[in-house]
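Peer 1: Just passing along the structure, written as structure tokens.
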Amino acid sequence: MKEKFLPIGSVVILKDAIKRIMVTGYLSVDENNKEKVYDYNGCVYPEGFLSSEQVLLFNHDQIDKIFFEGMRDEEQKSFAQRLNEFAKKQENSQKKIESLEE
């Protein structure tokens, strides 16, 4: 997995979408499928967070266009490095589980 996480506050539009989304978090689990982890969670832009039932979950490869990238400073860069390391470990663990199931 290459570094792919956009900073919090980034605004994107997904493929085949009408509304833009603002990134609000990372590595969220789907309530209906506890085994599915998404790269990002977000809220509609410009409306923002309206309710917990309207949190959007999506993966980096679903992004069609980046309109704005959130703030990048030393704290964010350090966090992004740790996030990428964690995500890579999770991905490797998932691959091991899948190979055992085959």
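So you can find residues: chains in the structure tokens are A, B, ... in the order shown, residues in each start at 1, and ligands are numbered from 1 in order.
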DSSP on the backbone, helix (DSSP H, G or I) only: what residues of chain A does that give? Format it as a VMD selection string.
Peer 2: chain A and resid 52 to 54 60 to 62 74 to 101
Peer 1: Could you turn the residues from that selection into a file that holds N, CA and C atoms, as an mmCIF file, in the first residue's frame?
Peer 2:
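New file again.cif:
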```cif
data_model
loop_
_atom_site.group_PDB
_atom_site.id
_atom_site.type_symbol
_atom_site.label_atom_id
_atom_site.label_comp_id
_atom_site.auth_asym_id
_atom_site.auth_seq_id
_atom_site.Cartn_x
_atom_site.Cartn_y
_atom_site.Cartn_z
ATOM 1 N N SER A 52 -25.177 11.044 12.786
ATOM 2 C CA SER A 52 -24.310 9.867 12.731
ATOM 3 C C SER A 52 -24.780 8.865 11.681
ATOM 4 N N GLU A 53 -26.018 8.971 11.256
ATOM 5 C CA GLU A 53 -26.540 8.070 10.230
ATOM 6 C C GLU A 53 -26.179 8.529 8.823
ATOM 7 N N GLN A 54 -25.541 9.680 8.708
ATOM 8 C CA GLN A 54 -25.162 10.188 7.392
ATOM 9 C C GLN A 54 -23.650 10.243 7.198
ATOM 10 N N HIS A 60 -9.968 5.132 -1.115
ATOM 11 C CA HIS A 60 -9.207 6.081 -1.927
ATOM 12 C C HIS A 60 -9.453 5.870 -3.425
ATOM 13 N N ASP A 61 -9.562 4.613 -3.842
ATOM 14 C CA ASP A 61 -9.737 4.343 -5.273
ATOM 15 C C ASP A 61 -11.112 4.752 -5.802
ATOM 16 N N GLN A 62 -12.016 5.145 -4.934
ATOM 17 C CA GLN A 62 -13.329 5.634 -5.359
ATOM 18 C C GLN A 62 -13.316 7.137 -5.651
ATOM 19 N N GLU A 74 3.887 19.326 10.204
ATOM 20 C CA GLU A 74 4.710 18.235 10.734
ATOM 21 C C GLU A 74 3.881 17.223 11.523
ATOM 22 N N GLU A 75 2.911 17.694 12.285
ATOM 23 C CA GLU A 75 2.063 16.789 13.060
ATOM 24 C C GLU A 75 1.256 15.882 12.131
ATOM 25 N N GLN A 76 0.694 16.451 11.072
ATOM 26 C CA GLN A 76 -0.088 15.666 10.126
ATOM 27 C C GLN A 76 0.806 14.675 9.389
ATOM 28 N N LYS A 77 1.996 15.089 9.001
ATOM 29 C CA LYS A 77 2.922 14.200 8.279
ATOM 30 C C LYS A 77 3.318 13.017 9.156
ATOM 31 N N SER A 78 3.578 13.278 10.427
ATOM 32 C CA SER A 78 3.925 12.210 11.363
ATOM 33 C C SER A 78 2.748 11.248 11.537
ATOM 34 N N PHE A 79 1.555 11.814 11.679
ATOM 35 C CA PHE A 79 0.362 10.985 11.807
ATOM 36 C C PHE A 79 0.147 10.155 10.542
ATOM 37 N N ALA A 80 0.305 10.755 9.369
ATOM 38 C CA ALA A 80 0.110 10.050 8.103
ATOM 39 C C ALA A 80 1.073 8.878 7.982
ATOM 40 N N GLN A 81 2.304 9.056 8.445
ATOM 41 C CA GLN A 81 3.280 7.974 8.401
ATOM 42 C C GLN A 81 2.823 6.806 9.279
ATOM 43 N N ARG A 82 2.374 7.108 10.490
ATOM 44 C CA ARG A 82 1.883 6.053 11.388
ATOM 45 C C ARG A 82 0.622 5.397 10.828
ATOM 46 N N LEU A 83 -0.243 6.192 10.241
ATOM 47 C CA LEU A 83 -1.479 5.675 9.653
ATOM 48 C C LEU A 83 -1.166 4.714 8.508
ATOM 49 N N ASN A 84 -0.239 5.085 7.644
ATOM 50 C CA ASN A 84 0.146 4.209 6.542
ATOM 51 C C ASN A 84 0.763 2.910 7.038
ATOM 52 N N GLU A 85 1.597 2.985 8.064
ATOM 53 C CA GLU A 85 2.199 1.783 8.640
ATOM 54 C C GLU A 85 1.125 0.864 9.223
ATOM 55 N N PHE A 86 0.180 1.451 9.948
ATOM 56 C CA PHE A 86 -0.912 0.664 10.533
ATOM 57 C C PHE A 86 -1.764 0.026 9.437
ATOM 58 N N ALA A 87 -2.111 0.807 8.423
ATOM 59 C CA ALA A 87 -2.947 0.293 7.334
ATOM 60 C C ALA A 87 -2.242 -0.845 6.599
ATOM 61 N N LYS A 88 -0.937 -0.723 6.420
ATOM 62 C CA LYS A 88 -0.183 -1.780 5.745
ATOM 63 C C LYS A 88 -0.202 -3.062 6.570
ATOM 64 N N LYS A 89 -0.033 -2.945 7.891
ATOM 65 C CA LYS A 89 -0.100 -4.118 8.773
ATOM 66 C C LYS A 89 -1.477 -4.773 8.697
ATOM 67 N N GLN A 90 -2.522 -3.960 8.706
ATOM 68 C CA GLN A 90 -3.890 -4.486 8.616
ATOM 69 C C GLN A 90 -4.100 -5.207 7.296
ATOM 70 N N GLU A 91 -3.602 -4.632 6.219
ATOM 71 C CA GLU A 91 -3.746 -5.243 4.901
ATOM 72 C C GLU A 91 -3.011 -6.579 4.846
ATOM 73 N N ASN A 92 -1.805 -6.634 5.394
ATOM 74 C CA ASN A 92 -1.042 -7.888 5.420
ATOM 75 C C ASN A 92 -1.736 -8.940 6.264
ATOM 76 N N SER A 93 -2.312 -8.550 7.393
ATOM 77 C CA SER A 93 -3.053 -9.491 8.238
ATOM 78 C C SER A 93 -4.258 -10.053 7.497
ATOM 79 N N GLN A 94 -4.958 -9.188 6.763
ATOM 80 C CA GLN A 94 -6.131 -9.624 6.006
ATOM 81 C C GLN A 94 -5.719 -10.608 4.915
ATOM 82 N N LYS A 95 -4.606 -10.368 4.261
ATOM 83 C CA LYS A 95 -4.124 -11.285 3.219
ATOM 84 C C LYS A 95 -3.783 -12.646 3.803
ATOM 85 N N LYS A 96 -3.193 -12.660 5.006
ATOM 86 C CA LYS A 96 -2.867 -13.930 5.668
ATOM 87 C C LYS A 96 -4.134 -14.706 5.986
ATOM 88 N N ILE A 97 -5.140 -14.032 6.485
ATOM 89 C CA ILE A 97 -6.416 -14.674 6.817
ATOM 90 C C ILE A 97 -7.052 -15.248 5.556
ATOM 91 N N GLU A 98 -7.058 -14.461 4.472
ATOM 92 C CA GLU A 98 -7.657 -14.924 3.210
ATOM 93 C C GLU A 98 -6.920 -16.152 2.668
ATOM 94 N N SER A 99 -5.585 -16.176 2.793
ATOM 95 C CA SER A 99 -4.836 -17.329 2.280
ATOM 96 C C SER A 99 -5.105 -18.585 3.117
ATOM 97 N N LEU A 100 -5.378 -18.417 4.403
ATOM 98 C CA LEU A 100 -5.709 -19.568 5.252
ATOM 99 C C LEU A 100 -7.081 -20.131 4.917
ATOM 100 N N GLU A 101 -7.986 -19.279 4.463
ATOM 101 C CA GLU A 101 -9.344 -19.689 4.147
ATOM 102 C C GLU A 101 -9.420 -20.450 2.820
#
```
Peer 1: Can you pull out the residues contacting Ile21 (chain A)? Cut-off 12 Å, using only C-alpha atoms, and skip same-chain residues under 3 positions away; I want them as an NGL selection string.
Peer 2: :A and (8-15 or 17-18 or 24-25 or 40-49 or 54-58 or 62-69)
Peer 1: Can you list, as a list in words, every residue of region 33-89 of chain A that DSSP puts in strand (DSSP E or B)?
Peer 2: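 Secondary structure check on region 33-89 of chain A, strand (DSSP E or B): Asn33, Lys34, Glu35, Lys36, Val37, Tyr38, Asp39, Tyr40, Asn41, Gly42, Cys43, Val44, Tyr45, Leu56, Leu57, Phe58, Ile63, Asp64, Lys65, Ile66, Phe67 and Phe68 of chain A.
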Peer 1: Go ahead and save the residues from that selection, with C-alpha atoms, as a PDB file, in the first residue's frame.
Peer 2:
```pdb
ATOM      1  CA  ASN A  33     -20.155  -5.674   7.876  1.00  0.00           C
ATOM      2  CA  LYS A  34     -17.657  -5.573  10.740  1.00  0.00           C
ATOM      3  CA  GLU A  35     -14.976  -7.145   8.530  1.00  0.00           C
ATOM      4  CA  LYS A  36     -15.060  -4.272   6.012  1.00  0.00           C
ATOM      5  CA  VAL A  37     -12.697  -1.371   6.756  1.00  0.00           C
ATOM      6  CA  TYR A  38     -12.834   1.759   4.613  1.00  0.00           C
ATOM      7  CA  ASP A  39      -9.947   4.153   4.032  1.00  0.00           C
ATOM      8  CA  TYR A  40     -11.995   7.233   4.890  1.00  0.00           C
ATOM      9  CA  ASN A  41     -15.128   8.526   6.509  1.00  0.00           C
ATOM     10  CA  GLY A  42     -16.586  11.856   5.613  1.00  0.00           C
ATOM     11  CA  CYS A  43     -19.533  14.192   5.515  1.00  0.00           C
ATOM     12  CA  VAL A  44     -21.273  16.012   2.693  1.00  0.00           C
ATOM     13  CA  TYR A  45     -19.737  19.308   1.701  1.00  0.00           C
ATOM     14  CA  LEU A  56     -20.072   8.350   4.407  1.00  0.00           C
ATOM     15  CA  LEU A  57     -17.521   5.529   4.121  1.00  0.00           C
ATOM     16  CA  PHE A  58     -15.299   5.282   1.057  1.00  0.00           C
ATOM     17  CA  ILE A  63     -12.152   9.255  -5.488  1.00  0.00           C
ATOM     18  CA  ASP A  64     -12.668  10.871  -8.883  1.00  0.00           C
ATOM     19  CA  LYS A  65     -11.277  14.338  -8.133  1.00  0.00           C
ATOM     20  CA  ILE A  66      -9.620  16.159  -5.243  1.00  0.00           C
ATOM     21  CA  PHE A  67     -10.924  19.726  -4.918  1.00  0.00           C
ATOM     22  CA  PHE A  68      -8.963  20.702  -1.811  1.00  0.00           C
TER      23      PHE A  68
END
```
Peer 1: Could you check how far CA of Gly70 (chain A) sits from CA of Phe5 (chain A), in Å to one decimal?
Peer 2: 10.8 Å
Peer 1: Interatomic distance between CA of Met71 (chain A) and CA of Met22 (chain A)?
Peer 2: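 Between these atoms lies a distance of 12.7 Å.
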